[in-house]
Amino acid sequence: MNNSKIKEEPNDFSLDALKGMQSVRATFTLPKNTINVITTVASQLGVKQKSIFDHLVENENIFNRIADEAQAYQPEKDHRRQKTFVLSKNCLSTLDTFAREYKLPRDVLVELSIRQLDPVIAREKEKHENRKILLKEMENFRQVQKRLLDKARYLVGGDDDTVQKLEGVFTQYDRNIEELKVVIEKGRTMEQFQ
């Protein structure tokens, strides 16, 4: 039996790090379009807004770029409204630190952070439009399948294994069409963006 001591790994668990992940609420005054962007991206990608904020704010490269842009940014005063978001404590602390360091309002930093999602919106909108094209083609192809199924029933009878297999394939195809319709309906919010 080996009596040597087992090497202990340092404890990676930190209560401070865990507390930094706690959720807090913060209210910002933002343009309506900016609020729509983060809401739409979160919904479309199935990601929590809190996670998006963490990604945008905790990424130092993104935030330094935003802070540089914010120095020259003149936000429009019209069409702004207050919106409360759930953020992590760390994210809010980082926002406060950057706002003090760069002498900028938090609202401007948040607005410009969210604008970093514009390329995501553009890509998702393009996918949405392409899904609509594919759906139309799938529905057109379904008409060809219906004719083939009718012909198979005529040639070998409705009880034939071949017909039953075709019916199974086409039933699954119909389910796929319906699932794509749901995805497209969910993506309709993308259509509001230019």
# chains A, B, ... in the order shown; residues from 1 in each chain; ligands from 1
call {"tool": "select_by_dssp", "arguments": {"residues": "stretch 6-86 of chain A", "states": "alpha helix (DSSP H)", "output": "PyMOL selection string"}}
result
chain A and resi 15-20+32-45+49-58+60-72
call {"tool": "residues_around", "arguments": {"residues": "A:Phe85", "least_positions_apart": "2", "cutoff": "9 Å", "atoms": "only C-alpha atoms", "output": "ChimeraX atom specification"}}
result
/A:24-28,49-50,83,87
call {"tool": "residues_around", "arguments": {"residues": "A:Gln22", "least_positions_apart": "4", "cutoff": "9 Å", "atoms": "only C-alpha atoms", "output": "PyMOL selection string"}}
result
chain A and resi 18+87-90
call {"tool": "residues_around", "arguments": {"residues": "A:Gln44", "least_positions_apart": "3", "cutoff": "9 Å", "atoms": "only C-alpha atoms", "output": "list in words"}}
result
Thr39, Thr40, Val41, Val47, Glu124, Lys186, Gly187, Thr189 and Met190 of chain A
call {"tool": "closest_atom_pairs", "arguments": {"of": "stretch 35-55 of chain A", "to": "stretch 97-114 of chain A", "cutoff": "10 Å", "atoms": "only C-alpha atoms", "output": "CSV"}}
result
residue,atom,partner,partner_atom,distance
A:Ile35,CA,A:Ile114,CA,8.3
A:Asn36,CA,A:Ile114,CA,9.9
A:Val37,CA,A:Ile114,CA,7.2
A:Ile38,CA,A:Ile114,CA,6.4
A:Val41,CA,A:Ile114,CA,9.9
A:Ile52,CA,A:Ile114,CA,8.8
A:Phe53,CA,A:Ile114,CA,8.0
A:His55,CA,A:Ser113,CA,9.9
call {"tool": "write_last_selection", "arguments": {"atoms": "N, CA and C atoms", "output": "mmCIF file, in the first residue's frame"}}
result
data_model
loop_
_atom_site.group_PDB
_atom_site.id
_atom_site.type_symbol
_atom_site.label_atom_id
_atom_site.label_comp_id
_atom_site.auth_asym_id
_atom_site.auth_seq_id
_atom_site.Cartn_x
_atom_site.Cartn_y
_atom_site.Cartn_z
ATOM 1 N N ILE A 35 -33.484 48.503 -27.561
ATOM 2 C CA ILE A 35 -34.175 47.544 -26.691
ATOM 3 C C ILE A 35 -34.692 46.376 -27.543
ATOM 4 N N ASN A 36 -35.245 46.705 -28.714
ATOM 5 C CA ASN A 36 -35.749 45.655 -29.613
ATOM 6 C C ASN A 36 -34.633 44.727 -30.083
ATOM 7 N N VAL A 37 -33.436 45.283 -30.308
ATOM 8 C CA VAL A 37 -32.313 44.462 -30.781
ATOM 9 C C VAL A 37 -31.975 43.381 -29.767
ATOM 10 N N ILE A 38 -31.764 43.765 -28.513
ATOM 11 C CA ILE A 38 -31.351 42.752 -27.521
ATOM 12 C C ILE A 38 -32.479 41.764 -27.242
ATOM 13 N N VAL A 41 -32.563 39.379 -30.389
ATOM 14 C CA VAL A 41 -31.410 38.457 -30.433
ATOM 15 C C VAL A 41 -31.570 37.379 -29.360
ATOM 16 N N ILE A 52 -26.126 37.669 -22.699
ATOM 17 C CA ILE A 52 -25.656 38.552 -23.775
ATOM 18 C C ILE A 52 -24.900 39.731 -23.180
ATOM 19 N N PHE A 53 -25.468 40.351 -22.148
ATOM 20 C CA PHE A 53 -24.780 41.463 -21.487
ATOM 21 C C PHE A 53 -23.430 41.027 -20.940
ATOM 22 N N HIS A 55 -21.518 38.690 -21.964
ATOM 23 C CA HIS A 55 -20.587 38.497 -23.085
ATOM 24 C C HIS A 55 -20.083 39.838 -23.618
#
call {"tool": "closest_residue", "arguments": {"among": "A:Ile177, A:Val120, A:Ala72, A:Thr84", "to": "A:Leu45", "atoms": "only C-alpha atoms"}}
result
A:Val120
call {"tool": "atom_distance", "arguments": {"atom1": "atom CA of A:Met138", "atom2": "atom CA of A:Val183"}}
result
14.4 Å
call {"tool": "residues_around", "arguments": {"residues": "A:Arg131", "least_positions_apart": "3", "cutoff": "12 Å", "atoms": "only C-alpha atoms", "output": "MDAnalysis selection string"}}
result
chainID A and resid 124:128 134:138 177 179:188
call {"tool": "residues_around", "arguments": {"residues": "A:Asp174", "least_positions_apart": "5", "cutoff": "9 Å", "atoms": "only C-alpha atoms", "output": "PDB file with N, CA, C and O atoms, in the first residue's frame"}}
result
ATOM      1  N   GLU A 139     -42.856  23.375 -49.877  1.00  0.00           N
ATOM      2  CA  GLU A 139     -44.296  23.238 -50.127  1.00  0.00           C
ATOM      3  C   GLU A 139     -44.560  22.886 -51.592  1.00  0.00           C
ATOM      4  O   GLU A 139     -45.441  22.064 -51.893  1.00  0.00           O
ATOM      5  N   ARG A 142     -43.791  19.320 -52.064  1.00  0.00           N
ATOM      6  CA  ARG A 142     -44.816  18.471 -51.441  1.00  0.00           C
ATOM      7  C   ARG A 142     -45.907  18.126 -52.453  1.00  0.00           C
ATOM      8  O   ARG A 142     -46.472  17.042 -52.426  1.00  0.00           O
ATOM      9  N   VAL A 169     -42.695   8.447 -45.098  1.00  0.00           N
ATOM     10  CA  VAL A 169     -41.704   9.467 -45.462  1.00  0.00           C
ATOM     11  C   VAL A 169     -42.386  10.818 -45.623  1.00  0.00           C
ATOM     12  O   VAL A 169     -41.900  11.848 -45.123  1.00  0.00           O
ATOM     13  N   GLU A 179     -42.664  22.276 -38.575  1.00  0.00           N
ATOM     14  CA  GLU A 179     -41.621  22.768 -37.662  1.00  0.00           C
ATOM     15  C   GLU A 179     -40.916  23.990 -38.241  1.00  0.00           C
ATOM     16  O   GLU A 179     -40.616  24.945 -37.523  1.00  0.00           O
TER      17      GLU A 179
END
call {"tool": "atom_distance", "arguments": {"atom1": "atom CA of A:Lys48", "atom2": "atom CA of A:Gln194"}}
result
23.6 Å
call {"tool": "select_by_dssp", "arguments": {"residues": "stretch 8-176 of chain A", "states": "strand (DSSP E or B)", "output": "ChimeraX atom specification"}}
result
/A:23-31,80-88
call {"tool": "write_last_selection", "arguments": {"atoms": "all heavy atoms", "output": "short mmCIF file (atom, residue, chain, number, x, y, z; two decimals), in the first residue's frame"}}
result
data_model
loop_
_atom_site.label_atom_id
_atom_site.label_comp_id
_atom_site.auth_asym_id
_atom_site.auth_seq_id
_atom_site.Cartn_x
_atom_site.Cartn_y
_atom_site.Cartn_z
N SER A 23 -27.70 37.80 -9.81
CA SER A 23 -28.46 38.71 -10.66
C SER A 23 -28.86 39.97 -9.92
O SER A 23 -29.22 39.92 -8.74
CB SER A 23 -29.73 38.01 -11.16
OG SER A 23 -29.39 36.91 -11.96
N VAL A 24 -28.76 41.07 -10.63
CA VAL A 24 -29.23 42.36 -10.11
C VAL A 24 -30.03 43.01 -11.23
O VAL A 24 -29.89 42.67 -12.40
CB VAL A 24 -28.07 43.28 -9.68
CG1 VAL A 24 -27.34 42.71 -8.48
CG2 VAL A 24 -27.10 43.53 -10.81
N ARG A 25 -30.87 43.96 -10.86
CA ARG A 25 -31.64 44.70 -11.84
C ARG A 25 -31.04 46.09 -11.99
O ARG A 25 -30.66 46.71 -11.01
CB ARG A 25 -33.11 44.81 -11.41
CG ARG A 25 -33.81 43.47 -11.40
CD ARG A 25 -35.29 43.65 -11.05
NE ARG A 25 -35.96 42.38 -10.97
CZ ARG A 25 -36.43 41.70 -12.00
NH1 ARG A 25 -36.29 42.18 -13.20
NH2 ARG A 25 -37.02 40.55 -11.85
N ALA A 26 -30.99 46.54 -13.23
CA ALA A 26 -30.50 47.89 -13.50
C ALA A 26 -31.37 48.49 -14.60
O ALA A 26 -31.76 47.81 -15.54
CB ALA A 26 -29.04 47.84 -13.94
N THR A 27 -31.67 49.77 -14.45
CA THR A 27 -32.52 50.46 -15.41
C THR A 27 -31.68 51.43 -16.23
O THR A 27 -30.86 52.17 -15.69
CB THR A 27 -33.65 51.21 -14.68
OG1 THR A 27 -34.41 50.27 -13.92
CG2 THR A 27 -34.57 51.92 -15.66
N PHE A 28 -31.89 51.40 -17.54
CA PHE A 28 -31.17 52.27 -18.47
C PHE A 28 -32.19 52.97 -19.34
O PHE A 28 -33.28 52.44 -19.61
CB PHE A 28 -30.22 51.45 -19.35
CG PHE A 28 -29.27 50.60 -18.57
CD1 PHE A 28 -29.50 49.25 -18.40
CD2 PHE A 28 -28.14 51.15 -17.97
CE1 PHE A 28 -28.64 48.45 -17.67
CE2 PHE A 28 -27.26 50.37 -17.24
CZ PHE A 28 -27.51 49.01 -17.09
N THR A 29 -31.84 54.15 -19.82
CA THR A 29 -32.68 54.88 -20.76
C THR A 29 -32.07 54.70 -22.14
O THR A 29 -30.97 55.19 -22.40
CB THR A 29 -32.78 56.37 -20.37
OG1 THR A 29 -33.28 56.46 -19.04
CG2 THR A 29 -33.71 57.11 -21.31
N LEU A 30 -32.80 53.99 -23.00
CA LEU A 30 -32.25 53.56 -24.29
C LEU A 30 -33.25 53.83 -25.42
O LEU A 30 -34.46 53.89 -25.18
CB LEU A 30 -31.96 52.06 -24.26
CG LEU A 30 -30.99 51.57 -23.20
CD1 LEU A 30 -31.01 50.06 -23.12
CD2 LEU A 30 -29.59 52.08 -23.48
N PRO A 31 -32.74 53.93 -26.65
CA PRO A 31 -33.67 54.02 -27.79
C PRO A 31 -34.48 52.74 -27.90
O PRO A 31 -34.00 51.64 -27.60
CB PRO A 31 -32.73 54.17 -29.00
CG PRO A 31 -31.42 54.60 -28.46
CD PRO A 31 -31.34 54.05 -27.07
N ARG A 80 -36.47 57.61 -26.60
CA ARG A 80 -35.77 56.81 -25.60
C ARG A 80 -36.77 56.46 -24.50
O ARG A 80 -37.69 57.21 -24.22
CB ARG A 80 -34.59 57.59 -25.02
CG ARG A 80 -33.53 57.93 -26.06
CD ARG A 80 -32.41 58.78 -25.49
NE ARG A 80 -31.38 57.99 -24.86
CZ ARG A 80 -30.42 57.34 -25.49
NH1 ARG A 80 -30.35 57.37 -26.80
NH2 ARG A 80 -29.52 56.65 -24.84
N ARG A 81 -36.55 55.32 -23.90
CA ARG A 81 -37.40 54.96 -22.77
C ARG A 81 -36.60 54.14 -21.78
O ARG A 81 -35.57 53.55 -22.12
CB ARG A 81 -38.66 54.23 -23.23
CG ARG A 81 -38.44 52.88 -23.85
CD ARG A 81 -39.79 52.31 -24.29
NE ARG A 81 -39.63 51.03 -24.92
CZ ARG A 81 -39.90 49.86 -24.33
NH1 ARG A 81 -40.36 49.82 -23.11
NH2 ARG A 81 -39.74 48.73 -24.98
N GLN A 82 -37.12 54.10 -20.59
CA GLN A 82 -36.44 53.34 -19.54
C GLN A 82 -36.75 51.86 -19.70
O GLN A 82 -37.88 51.48 -20.01
CB GLN A 82 -36.85 53.82 -18.16
CG GLN A 82 -36.30 55.17 -17.81
CD GLN A 82 -36.51 55.49 -16.35
OE1 GLN A 82 -37.46 55.03 -15.72
NE2 GLN A 82 -35.62 56.29 -15.78
N LYS A 83 -35.74 51.06 -19.47
CA LYS A 83 -35.90 49.61 -19.55
C LYS A 83 -35.04 48.99 -18.46
O LYS A 83 -33.86 49.33 -18.31
CB LYS A 83 -35.47 49.10 -20.93
CG LYS A 83 -35.44 47.61 -21.08
CD LYS A 83 -36.81 47.00 -21.11
CE LYS A 83 -36.70 45.49 -21.42
NZ LYS A 83 -37.85 44.76 -21.00
N THR A 84 -35.62 48.12 -17.69
CA THR A 84 -34.90 47.43 -16.63
C THR A 84 -34.46 46.07 -17.15
O THR A 84 -35.25 45.31 -17.72
CB THR A 84 -35.78 47.26 -15.38
OG1 THR A 84 -36.18 48.56 -14.94
CG2 THR A 84 -35.04 46.55 -14.27
N PHE A 85 -33.18 45.79 -16.97
CA PHE A 85 -32.59 44.52 -17.39
C PHE A 85 -32.06 43.78 -16.17
O PHE A 85 -31.70 44.41 -15.17
CB PHE A 85 -31.42 44.74 -18.35
CG PHE A 85 -31.81 45.30 -19.68
CD1 PHE A 85 -31.66 46.65 -19.95
CD2 PHE A 85 -32.32 44.48 -20.67
CE1 PHE A 85 -32.00 47.17 -21.18
CE2 PHE A 85 -32.67 45.00 -21.91
CZ PHE A 85 -32.52 46.35 -22.17
N VAL A 86 -31.97 42.48 -16.29
CA VAL A 86 -31.30 41.67 -15.28
C VAL A 86 -29.88 41.46 -15.76
O VAL A 86 -29.65 41.02 -16.88
CB VAL A 86 -32.02 40.31 -15.08
CG1 VAL A 86 -31.24 39.43 -14.13
CG2 VAL A 86 -33.44 40.52 -14.61
N LEU A 87 -28.92 41.81 -14.91
CA LEU A 87 -27.49 41.66 -15.21
C LEU A 87 -26.84 40.91 -14.07
O LEU A 87 -27.40 40.81 -12.98
CB LEU A 87 -26.81 43.03 -15.33
CG LEU A 87 -27.42 44.09 -16.22
CD1 LEU A 87 -26.71 45.42 -16.01
CD2 LEU A 87 -27.29 43.68 -17.66
N SER A 88 -25.63 40.45 -14.31
CA SER A 88 -24.87 39.89 -13.19
C SER A 88 -24.24 41.05 -12.43
O SER A 88 -24.03 42.14 -12.99
CB SER A 88 -23.79 38.93 -13.70
OG SER A 88 -22.78 39.64 -14.38
#
call {"tool": "atom_distance", "arguments": {"atom1": "atom CA of A:Leu95", "atom2": "atom CA of A:Ala122"}}
result
26.1 Å
call {"tool": "closest_residue", "arguments": {"among": "A:Lys165, A:Asn140, A:Asp150, A:Thr34", "to": "A:Pro75", "atoms": "only C-alpha atoms"}}
result
A:Thr34
call {"tool": "closest_residue", "arguments": {"among": "A:Asp96, A:Leu149, A:Ser43, A:Lys32", "to": "A:Lys77", "atoms": "only C-alpha atoms"}}
result
A:Lys32
